[in-house]
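Here is the file target.tsv (TSV, C-alpha atoms).
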chain	number	residue	atom	x	y	z
A	5	MET	CA	-19.53	-18.32	-2.69
A	6	SER	CA	-19.18	-20.35	0.49
A	7	PRO	CA	-19.57	-18.28	3.69
A	8	PHE	CA	-16.78	-20.36	5.22
A	9	LEU	CA	-13.01	-20.25	4.76
A	10	LYS	CA	-10.67	-22.84	6.24
A	11	ILE	CA	-6.88	-22.51	6.27
A	12	THR	CA	-4.95	-25.54	7.46
A	13	ASN	CA	-1.32	-26.50	8.14
A	14	ALA	CA	-0.32	-22.90	8.90
A	15	ARG	CA	2.09	-21.25	11.28
A	16	ILE	CA	-0.37	-18.73	12.69
A	17	VAL	CA	0.97	-15.46	14.10
A	18	MET	CA	-0.95	-14.78	17.30
A	19	PRO	CA	-0.60	-11.74	19.60
A	20	LYS	CA	1.78	-13.60	21.92
A	21	GLY	CA	3.49	-16.07	19.65
A	22	ILE	CA	3.13	-18.51	16.76
A	23	ILE	CA	0.91	-21.58	16.58
A	24	THR	CA	2.53	-24.31	14.51
A	25	ASN	CA	0.36	-26.55	12.34
A	26	GLY	CA	-2.65	-24.36	13.13
A	27	THR	CA	-6.08	-24.13	11.56
A	28	LEU	CA	-8.09	-20.95	11.08
A	29	ILE	CA	-11.77	-20.95	10.19
A	30	ALA	CA	-13.66	-17.85	9.07
A	31	GLU	CA	-17.39	-17.38	8.55
A	32	ASN	CA	-18.95	-14.51	6.61
A	33	GLY	CA	-15.69	-12.57	6.64
A	34	ARG	CA	-14.93	-12.90	10.35
A	35	ILE	CA	-12.68	-15.28	12.26
A	36	LYS	CA	-14.75	-18.07	13.78
A	37	ALA	CA	-12.05	-20.30	15.28
A	38	ILE	CA	-8.29	-20.73	15.59
A	39	GLU	CA	-7.14	-24.19	16.63
A	40	TYR	CA	-3.98	-26.22	17.14
A	41	GLY	CA	-3.64	-29.01	14.60
A	42	PRO	CA	-6.17	-30.18	12.00
A	43	VAL	CA	-9.90	-29.61	12.51
A	44	ASP	CA	-12.66	-31.90	11.24
A	45	PHE	CA	-14.73	-29.25	9.48
A	46	ALA	CA	-15.95	-29.67	5.93
A	47	CYS	CA	-15.57	-26.53	3.84
A	48	ASP	CA	-15.72	-25.84	0.08
A	49	ASN	CA	-13.21	-22.99	0.40
A	50	GLU	CA	-10.13	-24.58	1.94
A	51	ILE	CA	-6.51	-23.47	1.70
A	52	ASP	CA	-3.55	-25.68	2.57
A	53	ALA	CA	-0.91	-23.27	3.88
A	54	GLU	CA	1.76	-25.94	3.39
A	55	GLY	CA	3.54	-24.87	6.57
A	56	ASN	CA	3.84	-21.23	5.58
A	57	ILE	CA	3.20	-18.22	7.83
A	58	LEU	CA	-0.34	-16.92	8.32
A	59	SER	CA	-0.23	-13.35	9.62
A	60	PRO	CA	-2.82	-10.69	10.33
A	61	GLY	CA	-3.26	-8.49	7.26
A	62	PHE	CA	-0.91	-5.53	7.02
A	63	ILE	CA	-2.35	-2.09	7.81
A	64	ASP	CA	-0.81	0.95	6.12
A	65	ILE	CA	-1.96	4.15	7.83
A	66	HIS	CA	-0.01	6.53	5.56
A	67	VAL	CA	0.01	5.89	1.82
A	68	HIS	CA	-0.36	8.23	-1.17
A	69	GLY	CA	-0.39	5.88	-4.13
A	70	GLY	CA	1.04	2.99	-6.10
A	71	GLY	CA	0.86	1.18	-9.40
A	72	GLY	CA	1.11	4.47	-11.30
A	73	TYR	CA	-1.77	6.13	-9.45
A	74	ASP	CA	-2.11	8.70	-6.68
A	75	PHE	CA	-5.17	9.25	-4.49
A	76	MET	CA	-5.08	12.89	-5.53
A	77	ASP	CA	-5.61	11.95	-9.16
A	78	ASN	CA	-9.19	12.41	-7.91
A	79	THR	CA	-10.73	9.44	-9.67
A	80	VAL	CA	-12.48	6.45	-8.19
A	81	ASP	CA	-10.42	4.24	-10.51
A	82	ALA	CA	-7.19	5.52	-8.94
A	83	TYR	CA	-8.45	4.61	-5.46
A	84	LEU	CA	-9.39	1.10	-6.55
A	85	LYS	CA	-6.17	0.47	-8.46
A	86	ILE	CA	-4.02	1.58	-5.51
A	87	ALA	CA	-5.96	-0.67	-3.13
A	88	GLU	CA	-5.52	-3.63	-5.48
A	89	MET	CA	-1.81	-3.00	-6.08
A	90	HIS	CA	-0.88	-2.84	-2.40
A	91	ALA	CA	-2.94	-5.98	-1.68
A	92	ARG	CA	-0.38	-7.86	-3.78
A	93	PHE	CA	2.14	-7.13	-1.03
A	94	GLY	CA	-0.03	-8.09	1.94
A	95	THR	CA	-1.87	-4.84	2.67
A	96	THR	CA	-5.44	-5.57	3.75
A	97	ALA	CA	-6.34	-2.12	5.11
A	98	MET	CA	-5.10	1.40	4.41
A	99	ALA	CA	-5.70	5.07	5.15
A	100	PRO	CA	-5.57	6.98	1.84
A	101	THR	CA	-3.50	10.14	2.34
A	102	SER	CA	-3.58	13.56	0.68
A	103	LEU	CA	-0.92	16.18	0.00
A	104	SER	CA	-1.10	19.90	0.73
A	105	THR	CA	-3.52	21.40	-1.75
A	106	GLY	CA	-6.26	23.99	-2.14
A	107	LEU	CA	-9.65	23.43	-0.56
A	108	PRO	CA	-11.50	22.60	-3.81
A	109	ASP	CA	-8.97	19.89	-4.69
A	110	LEU	CA	-9.13	18.43	-1.19
A	111	VAL	CA	-12.92	18.31	-1.35
A	112	ASN	CA	-12.71	16.50	-4.69
A	113	THR	CA	-10.31	13.96	-3.21
A	114	LEU	CA	-12.59	13.29	-0.26
A	115	ALA	CA	-15.61	12.99	-2.54
A	116	CYS	CA	-13.75	10.31	-4.52
A	117	TYR	CA	-13.01	8.41	-1.31
A	118	GLU	CA	-16.72	8.51	-0.46
A	119	LYS	CA	-17.58	6.87	-3.80
A	120	ALA	CA	-14.65	4.45	-3.90
A	121	ILE	CA	-15.35	2.94	-0.49
A	122	THR	CA	-18.62	1.48	-1.82
A	123	GLN	CA	-16.90	-0.07	-4.85
A	124	ASN	CA	-13.72	-1.42	-3.28
A	125	HIS	CA	-14.20	-5.20	-3.46
A	126	ASN	CA	-10.86	-6.45	-4.79
A	127	GLY	CA	-8.26	-4.61	-2.77
A	128	ALA	CA	-7.26	-3.43	0.68
A	129	ASP	CA	-10.03	-1.97	2.85
A	130	PHE	CA	-10.20	1.79	3.37
A	131	ILE	CA	-10.27	2.52	7.11
A	132	GLY	CA	-10.52	6.31	7.08
A	133	PHE	CA	-8.91	9.22	5.30
A	134	HIS	CA	-5.65	10.86	6.38
A	135	ILE	CA	-5.16	14.54	5.51
A	136	GLU	CA	-1.48	15.54	5.43
A	137	GLY	CA	-1.08	19.30	5.32
A	138	PRO	CA	-1.71	22.01	4.28
A	139	TYR	CA	-1.06	23.28	7.83
A	140	VAL	CA	2.68	22.58	7.87
A	141	SER	CA	5.96	24.41	8.36
A	142	MET	CA	7.46	26.08	5.32
A	143	GLU	CA	10.92	25.30	6.75
A	144	GLN	CA	10.10	21.57	6.93
A	145	LYS	CA	7.79	21.30	3.93
A	146	GLY	CA	9.62	18.40	2.26
A	147	ALA	CA	7.62	17.45	-0.84
A	148	GLN	CA	4.58	19.52	0.19
A	149	ASN	CA	3.81	22.21	-2.39
A	150	PRO	CA	4.65	25.63	-0.84
A	151	LEU	CA	1.89	27.30	-2.88
A	152	TYR	CA	-0.72	25.66	-0.65
A	153	ILE	CA	0.93	25.79	2.78
A	154	ARG	CA	-1.08	27.88	5.24
A	155	ASP	CA	-2.03	28.23	8.92
A	156	PRO	CA	-4.99	26.33	10.39
A	157	ASN	CA	-8.26	27.93	9.30
A	158	PRO	CA	-11.23	27.10	11.57
A	159	THR	CA	-13.79	27.82	8.86
A	160	GLU	CA	-11.97	25.48	6.50
A	161	TYR	CA	-11.23	22.55	8.81
A	162	THR	CA	-14.61	22.54	10.57
A	163	SER	CA	-16.40	22.41	7.22
A	164	ILE	CA	-14.25	19.43	6.15
A	165	ILE	CA	-14.82	17.45	9.33
A	166	GLU	CA	-18.55	18.16	9.39
A	167	ARG	CA	-19.02	17.17	5.77
A	168	PHE	CA	-16.69	14.15	5.66
A	169	PRO	CA	-16.94	12.13	8.90
A	170	PHE	CA	-14.64	9.43	7.47
A	171	VAL	CA	-11.63	11.73	7.93
A	172	LYS	CA	-9.91	9.98	10.83
A	173	ARG	CA	-6.51	11.67	10.98
A	174	TRP	CA	-4.99	15.06	10.15
A	175	SER	CA	-1.24	15.74	10.19
A	176	ALA	CA	-0.04	19.29	10.87
A	177	ALA	CA	2.74	21.38	12.42
A	178	PRO	CA	1.83	22.24	16.05
A	179	GLU	CA	3.84	25.47	16.21
A	180	LEU	CA	1.58	27.28	13.73
A	181	PRO	CA	-0.88	29.94	14.96
A	182	GLY	CA	-4.17	28.28	15.88
A	183	ALA	CA	-2.73	24.76	16.00
A	184	MET	CA	-3.73	24.07	19.60
A	185	GLU	CA	-7.35	25.02	18.92
A	186	PHE	CA	-7.18	22.86	15.81
A	187	GLY	CA	-5.90	19.87	17.79
A	188	ARG	CA	-8.60	20.21	20.44
A	189	TYR	CA	-11.29	20.43	17.77
A	190	LEU	CA	-10.05	17.29	16.00
A	191	LYS	CA	-9.84	15.30	19.22
A	192	ALA	CA	-13.35	16.36	20.23
A	193	ASN	CA	-14.60	15.10	16.87
A	194	HIS	CA	-12.78	11.74	17.06
A	195	VAL	CA	-10.10	12.68	14.54
A	196	LEU	CA	-6.46	11.97	15.39
A	197	PRO	CA	-4.25	15.08	15.37
A	198	ALA	CA	-0.73	14.10	14.31
A	199	ILE	CA	2.51	16.08	14.24
A	200	ALA	CA	4.15	16.43	10.83
A	201	HIS	CA	6.43	18.66	8.75
A	202	THR	CA	7.28	20.62	11.85
A	203	ASP	CA	9.97	23.04	12.97
A	204	ALA	CA	8.64	23.00	16.52
A	205	VAL	CA	10.83	23.27	19.60
A	206	PHE	CA	10.57	20.85	22.51
A	207	GLU	CA	8.06	22.97	24.44
A	208	ASP	CA	5.74	23.28	21.41
A	209	VAL	CA	5.47	19.50	21.16
A	210	ILE	CA	4.77	19.07	24.88
A	211	GLU	CA	1.94	21.60	24.59
A	212	ALA	CA	0.66	19.90	21.45
A	213	PHE	CA	0.61	16.50	23.15
A	214	ASN	CA	-1.52	17.99	25.93
A	215	ASN	CA	-3.91	19.30	23.29
A	216	GLY	CA	-4.46	16.01	21.49
A	217	PHE	CA	-1.42	15.55	19.20
A	218	THR	CA	-0.49	12.05	20.39
A	219	HIS	CA	1.07	10.68	17.20
A	220	VAL	CA	4.04	11.67	15.02
A	221	THR	CA	3.89	11.33	11.23
A	222	HIS	CA	6.92	9.76	9.46
A	223	PHE	CA	9.20	10.21	12.47
A	224	TYR	CA	12.56	11.88	11.67
A	225	SER	CA	11.40	12.95	8.19
A	226	CYS	CA	10.81	16.74	7.98
A	227	MET	CA	11.20	17.27	11.74
A	228	SER	CA	13.28	19.62	13.87
A	229	THR	CA	16.00	18.31	16.12
A	230	VAL	CA	18.64	19.90	18.39
A	231	PHE	CA	19.70	23.29	17.04
A	232	ARG	CA	21.81	26.24	18.16
A	233	LYS	CA	20.64	29.85	18.38
A	234	ASP	CA	22.72	32.69	19.82
A	235	ALA	CA	25.19	30.16	21.25
A	236	MET	CA	22.41	28.29	23.09
A	237	ARG	CA	21.22	24.79	22.25
A	238	TYR	CA	17.52	23.96	22.02
A	239	ALA	CA	15.75	20.62	21.83
A	240	GLY	CA	13.44	20.02	18.88
A	241	SER	CA	10.47	17.83	18.01
A	242	VAL	CA	12.56	14.65	17.73
A	243	GLU	CA	13.76	14.98	21.33
A	244	ALA	CA	10.25	15.79	22.59
A	245	THR	CA	8.90	12.69	20.85
A	246	TYR	CA	11.41	10.52	22.68
A	247	PHE	CA	10.66	12.31	25.97
A	248	LEU	CA	6.91	11.60	25.79
A	249	ASP	CA	6.48	7.93	26.65
A	250	ASP	CA	2.90	7.77	25.34
A	251	MET	CA	3.59	9.50	22.03
A	252	THR	CA	3.26	6.98	19.18
A	253	VAL	CA	5.33	7.20	16.02
A	254	GLU	CA	5.27	5.83	12.50
A	255	ILE	CA	8.42	5.17	10.50
A	256	ILE	CA	9.18	4.63	6.82
A	257	ALA	CA	11.17	1.44	7.25
A	258	ASP	CA	12.22	1.15	3.61
A	259	GLY	CA	15.88	0.94	4.65
A	260	VAL	CA	16.59	4.22	2.89
A	261	HIS	CA	14.70	7.01	4.66
A	262	LEU	CA	16.02	5.72	7.99
A	263	PRO	CA	19.28	3.74	8.17
A	264	PRO	CA	19.50	0.65	10.39
A	265	ALA	CA	21.11	2.64	13.23
A	266	LEU	CA	18.09	4.96	13.49
A	267	LEU	CA	15.61	2.08	13.15
A	268	LYS	CA	17.30	0.42	16.12
A	269	LEU	CA	17.36	3.66	18.10
A	270	VAL	CA	13.64	4.26	17.58
A	271	CYS	CA	12.89	0.73	18.78
A	272	LYS	CA	15.12	1.08	21.83
A	273	LEU	CA	13.75	4.43	22.98
A	274	LYS	CA	10.08	4.23	21.95
A	275	GLY	CA	9.47	0.53	22.51
A	276	TYR	CA	7.92	-1.89	20.05
A	277	ASP	CA	4.32	-1.17	21.09
A	278	ASN	CA	4.53	2.55	20.23
A	279	ILE	CA	5.76	2.09	16.66
A	280	SER	CA	3.83	1.52	13.45
A	281	LEU	CA	5.32	0.96	10.01
A	282	ILE	CA	4.16	2.97	7.00
A	283	THR	CA	4.99	2.93	3.31
A	284	ASP	CA	4.25	6.65	2.66
A	285	ALA	CA	4.30	5.29	-0.90
A	286	MET	CA	3.87	7.51	-3.93
A	287	ARG	CA	2.54	6.49	-7.34
A	288	ALA	CA	5.69	4.64	-8.45
A	289	ALA	CA	5.37	1.95	-5.75
A	290	GLY	CA	5.01	-1.47	-7.31
A	291	LEU	CA	6.51	-0.32	-10.63
A	292	PRO	CA	10.00	-0.91	-12.09
A	293	PRO	CA	12.71	1.73	-11.50
A	294	GLY	CA	12.74	4.73	-13.83
A	295	GLU	CA	11.13	8.12	-14.23
A	296	SER	CA	7.92	9.03	-12.41
A	297	TYR	CA	6.40	12.15	-10.89
A	298	LEU	CA	5.31	13.37	-7.49
A	299	GLY	CA	2.02	15.17	-6.97
A	300	THR	CA	-1.20	15.36	-8.92
A	301	ILE	CA	-1.67	14.91	-12.66
A	302	GLU	CA	-1.91	18.68	-13.20
A	303	ASP	CA	0.53	19.83	-10.52
A	304	ASN	CA	3.65	17.68	-10.25
A	305	PHE	CA	7.39	17.43	-10.73
A	306	LYS	CA	9.57	14.70	-12.17
A	307	VAL	CA	11.42	12.22	-9.97
A	308	ILE	CA	13.74	9.29	-10.58
A	309	VAL	CA	13.12	5.96	-8.89
A	310	GLU	CA	16.29	4.03	-8.14
A	311	ASP	CA	17.86	2.24	-5.18
A	312	ASP	CA	14.35	1.52	-3.80
A	313	VAL	CA	13.46	5.20	-3.36
A	314	ALA	CA	12.28	8.18	-5.40
A	315	LYS	CA	14.85	10.98	-5.80
A	316	LEU	CA	14.92	14.47	-7.20
A	317	PRO	CA	16.34	14.50	-10.75
A	318	ASP	CA	19.65	15.94	-9.52
A	319	ARG	CA	19.73	13.23	-6.82
A	320	SER	CA	20.21	15.86	-4.11
A	321	ALA	CA	17.34	14.56	-1.94
A	322	PHE	CA	14.72	11.85	-1.61
A	323	ALA	CA	11.37	12.64	-3.22
A	324	GLY	CA	9.14	9.91	-1.86
A	325	SER	CA	8.89	6.27	-0.86
A	326	VAL	CA	8.15	3.34	-3.14
A	327	ALA	CA	7.95	0.84	-0.28
A	328	THR	CA	5.43	-1.95	0.15
A	329	CYS	CA	4.37	-3.42	3.48
A	330	ASP	CA	6.08	-6.78	3.03
A	331	LYS	CA	9.44	-5.01	2.67
A	332	LEU	CA	8.84	-2.94	5.80
A	333	VAL	CA	8.39	-6.06	7.94
A	334	LYS	CA	11.39	-7.73	6.32
A	335	ASN	CA	13.58	-4.69	6.95
A	336	MET	CA	12.64	-4.42	10.62
A	337	VAL	CA	13.61	-8.06	11.13
A	338	GLN	CA	16.76	-8.06	9.01
A	339	LEU	CA	18.05	-4.49	9.44
A	340	ALA	CA	16.79	-3.54	12.90
A	341	ASP	CA	17.00	-6.97	14.59
A	342	VAL	CA	13.36	-6.80	15.69
A	343	PRO	CA	11.80	-10.16	16.67
A	344	PHE	CA	9.47	-11.39	13.93
A	345	VAL	CA	6.27	-11.27	15.99
A	346	GLU	CA	7.03	-7.71	17.15
A	347	ALA	CA	7.68	-6.60	13.56
A	348	ILE	CA	4.31	-8.05	12.57
A	349	LYS	CA	2.64	-6.10	15.39
A	350	MET	CA	4.17	-2.87	14.06
A	351	MET	CA	2.50	-3.57	10.71
A	352	THR	CA	-0.83	-4.71	12.15
A	353	ILE	CA	-2.23	-4.20	15.64
A	354	ASN	CA	-0.13	-1.12	16.48
A	355	ALA	CA	-1.41	0.60	13.34
A	356	ALA	CA	-4.98	-0.54	14.08
A	357	LYS	CA	-4.83	0.97	17.57
A	358	ILE	CA	-3.56	4.31	16.25
A	359	MET	CA	-6.47	4.47	13.78
A	360	GLY	CA	-9.01	3.21	16.31
A	361	VAL	CA	-9.96	0.06	14.39
A	362	ASP	CA	-8.32	-2.51	16.68
A	363	GLY	CA	-11.73	-3.86	17.66
A	364	GLN	CA	-12.15	-5.19	14.11
A	365	LYS	CA	-8.67	-5.49	12.65
A	366	GLY	CA	-4.99	-5.91	13.45
A	367	SER	CA	-4.76	-9.35	15.08
A	368	LEU	CA	-6.00	-12.88	14.57
A	369	GLU	CA	-8.71	-13.25	17.18
A	370	VAL	CA	-12.19	-14.76	17.10
A	371	GLY	CA	-14.75	-12.17	16.02
A	372	LYS	CA	-12.33	-9.92	14.15
A	373	ASP	CA	-12.24	-9.45	10.38
A	374	ALA	CA	-10.59	-12.31	8.52
A	375	ASP	CA	-7.86	-10.08	7.09
A	376	LEU	CA	-4.97	-12.43	6.42
A	377	VAL	CA	-1.59	-12.68	4.73
A	378	LEU	CA	-0.07	-16.03	3.82
A	379	MET	CA	3.68	-15.68	3.26
A	380	THR	CA	6.94	-17.61	3.15
A	381	ASP	CA	9.83	-17.41	5.59
A	382	ASP	CA	11.55	-14.94	3.28
A	383	PHE	CA	8.49	-12.62	3.38
A	384	LYS	CA	7.12	-13.41	-0.07
A	385	VAL	CA	3.35	-12.88	-0.08
A	386	LEU	CA	1.53	-15.94	-1.39
A	387	GLN	CA	-2.06	-14.93	-0.72
A	388	THR	CA	-3.93	-11.91	0.64
A	389	VAL	CA	-7.40	-12.25	2.15
A	390	VAL	CA	-9.66	-9.30	3.03
A	391	ARG	CA	-12.67	-10.11	5.20
A	392	GLY	CA	-12.58	-13.74	4.14
A	393	LYS	CA	-12.19	-13.08	0.41
A	394	THR	CA	-8.99	-13.76	-1.49
A	395	VAL	CA	-7.99	-10.55	-3.31
A	396	TYR	CA	-4.54	-11.72	-4.38
A	397	LYS	CA	-2.93	-15.10	-5.01
A	398	ALA	CA	0.60	-15.52	-6.29
A	399	GLU	CA	1.16	-17.79	-9.24
A	400	LYS	CA	2.86	-21.04	-8.33
A	401	GLU	CA	6.45	-21.34	-9.48
A	402	ASN	CA	7.31	-24.29	-11.70
Structure translated into C-alpha cells:
Amino acid sequence: MSPFLKITNARIVMPKGIITNGTLIAENGRIKAIEYGPVDFACDNEIDAEGNILSPGFIDIHVHGGGGYDFMDNTVDAYLKIAEMHARFGTTAMAPTSLSTGLPDLVNTLACYEKAITQNHNGADFIGFHIEGPYVSMEQKGAQNPLYIRDPNPTEYTSIIERFPFVKRWSAAPELPGAMEFGRYLKANHVLPAIAHTDAVFEDVIEAFNNGFTHVTHFYSCMSTVFRKDAMRYAGSVEATYFLDDMTVEIIADGVHLPPALLKLVCKLKGYDNISLITDAMRAAGLPPGESYLGTIEDNFKVIVEDDVAKLPDRSAFAGSVATCDKLVKNMVQLADVPFVEAIKMMTINAAKIMGVDGQKGSLEVGKDADLVLMTDDFKVLQTVVRGKTVYKAEKEN
C-alpha cells in the first residue's frame, strides 16, 4: 500500500474557514500538506473529491454501541463491529463507554478494550475508555441499573486506574460521599472527572469543579435543575453548569433528547468552543426501527426504536440514543442555526481537547493524523479515512 494519500478538488474545512478547490496530502497516516488549488505530486492513492466537503474526522467521546452490539457484550468482536459501524457515518475516533455494573463485569469490559485496540484496523480509532457510573445518583439514574449504583469506593477505583491506564474519563455524581476525593484522584492520574446522573445542588457543582470535575456528561439528561423545598427555590446542576464559564458540556444533538430551543440556548450561554456533540448511542444505532434492548446480553430490558430514538415499551420515556455523528452535525446546523464550521468543531476539535488528544486529532493541520470525512452538502458521508486508510466508501449511485 502506498504511504501517500492525495485528495484533490476538495472544499477543506480548516480551523478558521473553508479552502475551496484544496488539496490534502498525507504520508504514513499523517497530514503532510494542505494547499490551495491542484498540486503537482504523483501518488498511486489519489481521491478526486469532486468539489465535496473534506472535514476532520468526527470524534465521539460518549458511545455505548451500534450495529446490534454493545461494548459491554464483553467481546473483542463487539468492539470491532461497533467501530466499523460508526465509521460508516464519519466517526474516525471514539471513547467506548460502559454502563453501571459490578466490578467483575467492568474489569471484563476493560480487558476486552485492551485486546481490541490492537486489532482495530477497519474502524474508528479508540482514544481511551469512558466509565459511566456506577457512582451516580439513584434519583437521576436514567437507564443505569439501580442494582449496581453505589458510592465511590477508593479501593475499587484506584485498582481500576492502576491496572488500566487507558481509562481517560469517568462520569459520576459529585454530591455522593467521597466524590471530591475521587475527583482529585482522577485528575492527579490524568483521568477526566465528569459530572453525570446527578441530583446535585448549585454549590455541590461549584465544589466539584474546584476538585477537577470540569466537564458535564450529556448535559440536561439526568441532571437536577431549579427546585423548590420548604417554599424556597434552589439552583441545581444545570444552573451551575451555565454559571461556570470554563465548564465544558456534551450534548446529544439527535433532535429528540434536546429540542431546538434547548440546543440554541446551550450554544448561546456556553459558547461554541465549550460544546462537544455525542451520540450516546446504544446497540440499535445504525439499524432499522423496531425492537431492541438496552444493557448487556445477560442483563437487559426491551426497548422500541422509533422516531429516531429508543423508547421504553410503554413509550413513557426515552431509553437511549440511536444517533450517528453525521446527524449530530446536520442537526446543529439545521435545527440550532449553528454555522457549519462551528458545528464541525463541536464534532472534532472540541471533543479532542476534552479527551486530551488534540495534539494528534481533531483538525486538519500538518503533522496531525489523517483522519478525514468526505461528505456532500447534505451531510451524506462518502468516504471515511482513519490515519490515511480508507475504512468506509459509499457505493456510487447510478
Quiz item: Got a sec: who's within 6 Å of region 278-287 of chain A, counting only C-alpha atoms, leaving out chain neighbours fewer than 3 positions off, as a ChimeraX atom specification?
Solution: /A:64,66-74,252-256,275,325-328,350-351,354-355
What does the file look like for those residues with C-alpha atoms, as a short mmCIF file (atom, residue, chain, number, x, y, z; two decimals), in the coordinates of the input?
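Everything below was put into selection09.cif:
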data_model
loop_
_atom_site.label_atom_id
_atom_site.label_comp_id
_atom_site.auth_asym_id
_atom_site.auth_seq_id
_atom_site.Cartn_x
_atom_site.Cartn_y
_atom_site.Cartn_z
CA ASP A 64 -0.81 0.95 6.12
CA HIS A 66 -0.01 6.53 5.56
CA VAL A 67 0.01 5.89 1.82
CA HIS A 68 -0.36 8.23 -1.17
CA GLY A 69 -0.39 5.88 -4.13
CA GLY A 70 1.04 2.99 -6.10
CA GLY A 71 0.86 1.18 -9.40
CA GLY A 72 1.11 4.47 -11.30
CA TYR A 73 -1.77 6.13 -9.45
CA ASP A 74 -2.11 8.70 -6.68
CA THR A 252 3.26 6.98 19.18
CA VAL A 253 5.33 7.20 16.02
CA GLU A 254 5.27 5.83 12.50
CA ILE A 255 8.42 5.17 10.50
CA ILE A 256 9.18 4.63 6.82
CA GLY A 275 9.47 0.53 22.51
CA SER A 325 8.89 6.27 -0.86
CA VAL A 326 8.15 3.34 -3.14
CA ALA A 327 7.95 0.84 -0.28
CA THR A 328 5.43 -1.95 0.15
CA MET A 350 4.17 -2.87 14.06
CA MET A 351 2.50 -3.57 10.71
CA ASN A 354 -0.13 -1.12 16.48
CA ALA A 355 -1.41 0.60 13.34
#
Quiz item: In Å, how far is it from CA of Ala204 (chain A) to CA of Ala183 (chain A)?
Solution: 11.5 Å
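Using all atoms listed in the file for every distance, the candidate list A:Arg92, A:His261, A:Arg173, A:Arg167 yields A:His261 as the residue closest to Asn335 (chain A).
Residues with any atom within 10 Å of Leu58 (chain A), counting only C-alpha atoms and excluding same-chain neighbours fewer than 3 positions away, are Ile11, Thr12, Asn13, Ala14, Arg15, Ile16, Val17, Met18, Ile22, Ile23, Gly26, Thr27, Leu28, Ala53, Gly55, Gly61, Leu368, Leu376, Val377, Leu378, Met379, Thr380, Leu386, Gln387 and Thr388 of chain A.
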Those residues with C-alpha atoms, as a short mmCIF file (atom, residue, chain, number, x, y, z; two decimals), in the frame of the given file please?
data_model
loop_
_atom_site.label_atom_id
_atom_site.label_comp_id
_atom_site.auth_asym_id
_atom_site.auth_seq_id
_atom_site.Cartn_x
_atom_site.Cartn_y
_atom_site.Cartn_z
CA ILE A 11 -6.88 -22.51 6.27
CA THR A 12 -4.95 -25.54 7.46
CA ASN A 13 -1.32 -26.50 8.14
CA ALA A 14 -0.32 -22.90 8.90
CA ARG A 15 2.09 -21.25 11.28
CA ILE A 16 -0.37 -18.73 12.69
CA VAL A 17 0.97 -15.46 14.10
CA MET A 18 -0.95 -14.78 17.30
CA ILE A 22 3.13 -18.51 16.76
CA ILE A 23 0.91 -21.58 16.58
CA GLY A 26 -2.65 -24.36 13.13
CA THR A 27 -6.08 -24.13 11.56
CA LEU A 28 -8.09 -20.95 11.08
CA ALA A 53 -0.91 -23.27 3.88
CA GLY A 55 3.54 -24.87 6.57
CA GLY A 61 -3.26 -8.49 7.26
CA LEU A 368 -6.00 -12.88 14.57
CA LEU A 376 -4.97 -12.43 6.42
CA VAL A 377 -1.59 -12.68 4.73
CA LEU A 378 -0.07 -16.03 3.82
CA MET A 379 3.68 -15.68 3.26
CA THR A 380 6.94 -17.61 3.15
CA LEU A 386 1.53 -15.94 -1.39
CA GLN A 387 -2.06 -14.93 -0.72
CA THR A 388 -3.93 -11.91 0.64
#
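The list of residues with at least one atom within 8 Å of region 115-121 of chain A, based on only C-alpha atoms and without residues fewer than 5 positions apart in the same chain, reads Asn78, Thr79, Val80, Asp81, Tyr83, Leu84, Asp129, Phe130 and Phe133 of chain A.
When only C-alpha atoms are used to measure the gap to Ala128 (chain A), the shortest distance among A:Val390, A:Ala46, A:Ala212, A:Val195 belongs to A:Val390.
Shortest atom-to-atom contact with Leu332 (chain A) among A:Thr95, A:Asn126, A:Thr394, A:Asn32: A:Thr95, counting all atoms listed in the file.
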Mind working out the centre and edge lengths of an axis-aligned box for region 208-214 of chain A, all listed atoms inside, 5 Å added to each side, rounded to one decimal in Å and written as lines of an AutoDock Vina configuration file?
center_x = 2.1
center_y = 19.9
center_z = 23.5
size_x = 17.3
size_y = 16.8
size_z = 14.8
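From CA of Ser367 (chain A) back to CA of Ile353 (chain A), the distance works out to 5.8 Å.
A straight line drawn from CA of Ala30 (chain A) to CA of Ile51 (chain A) is 11.7 Å long.
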Quiz item: Between A:Met336, A:Gln144, A:Thr24, A:Met98, which is the closest to Glu54 (chain A) once you count all atoms listed in the file?
Solution: A:Thr24
Exercise. Tell me which protein, DNA and RNA residues are within 12 Å of Leu273 (chain A), counting all atoms listed in the file, leaving out same-chain ones fewer than 4 positions away, and put them as a VMD selection string.
Key: chain A and resid 242 to 253 266 to 269 277 to 279
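Shortest atom-to-atom contact with Arg391 (chain A) among A:Lys315, A:His125, A:His90, A:Lys172: A:His125, counting all atoms listed in the file.
Checking A:Asp312, A:Asp373, A:Glu302, A:Asp258 one by one against Val337 (chain A), counting all atoms listed in the file, you find the shortest gap at A:Asp258.
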Practice problem: Identify, on the basis of all atoms listed in the file, every residue whose closest approach to Asp381 (chain A) does not exceed 9 Å; exclude the query and any residue fewer than 3 positions from it along the same chain; express the result as a count of residues only. | Solution: 3
Give me region 240-245 of chain A with N, CA and C atoms filled in, as a PDB file, in the coordinates of the input.
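To be explicit, this is the file written out as result_31.pdb:
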ATOM      1  N   GLY A 240      14.480  19.907  19.893  1.00  0.00           N
ATOM      2  CA  GLY A 240      13.440  20.020  18.880  1.00  0.00           C
ATOM      3  C   GLY A 240      12.340  18.982  19.043  1.00  0.00           C
ATOM      4  N   SER A 241      11.616  18.743  17.957  1.00  0.00           N
ATOM      5  CA  SER A 241      10.470  17.830  18.010  1.00  0.00           C
ATOM      6  C   SER A 241      10.907  16.370  18.122  1.00  0.00           C
ATOM      7  N   VAL A 242      12.067  16.021  17.586  1.00  0.00           N
ATOM      8  CA  VAL A 242      12.560  14.650  17.730  1.00  0.00           C
ATOM      9  C   VAL A 242      12.789  14.319  19.204  1.00  0.00           C
ATOM     10  N   GLU A 243      13.464  15.220  19.911  1.00  0.00           N
ATOM     11  CA  GLU A 243      13.760  14.980  21.330  1.00  0.00           C
ATOM     12  C   GLU A 243      12.486  14.936  22.167  1.00  0.00           C
ATOM     13  N   ALA A 244      11.526  15.791  21.847  1.00  0.00           N
ATOM     14  CA  ALA A 244      10.250  15.790  22.590  1.00  0.00           C
ATOM     15  C   ALA A 244       9.499  14.481  22.372  1.00  0.00           C
ATOM     16  N   THR A 245       9.570  13.961  21.155  1.00  0.00           N
ATOM     17  CA  THR A 245       8.900  12.690  20.850  1.00  0.00           C
ATOM     18  C   THR A 245       9.477  11.567  21.690  1.00  0.00           C
TER      19      THR A 245
END
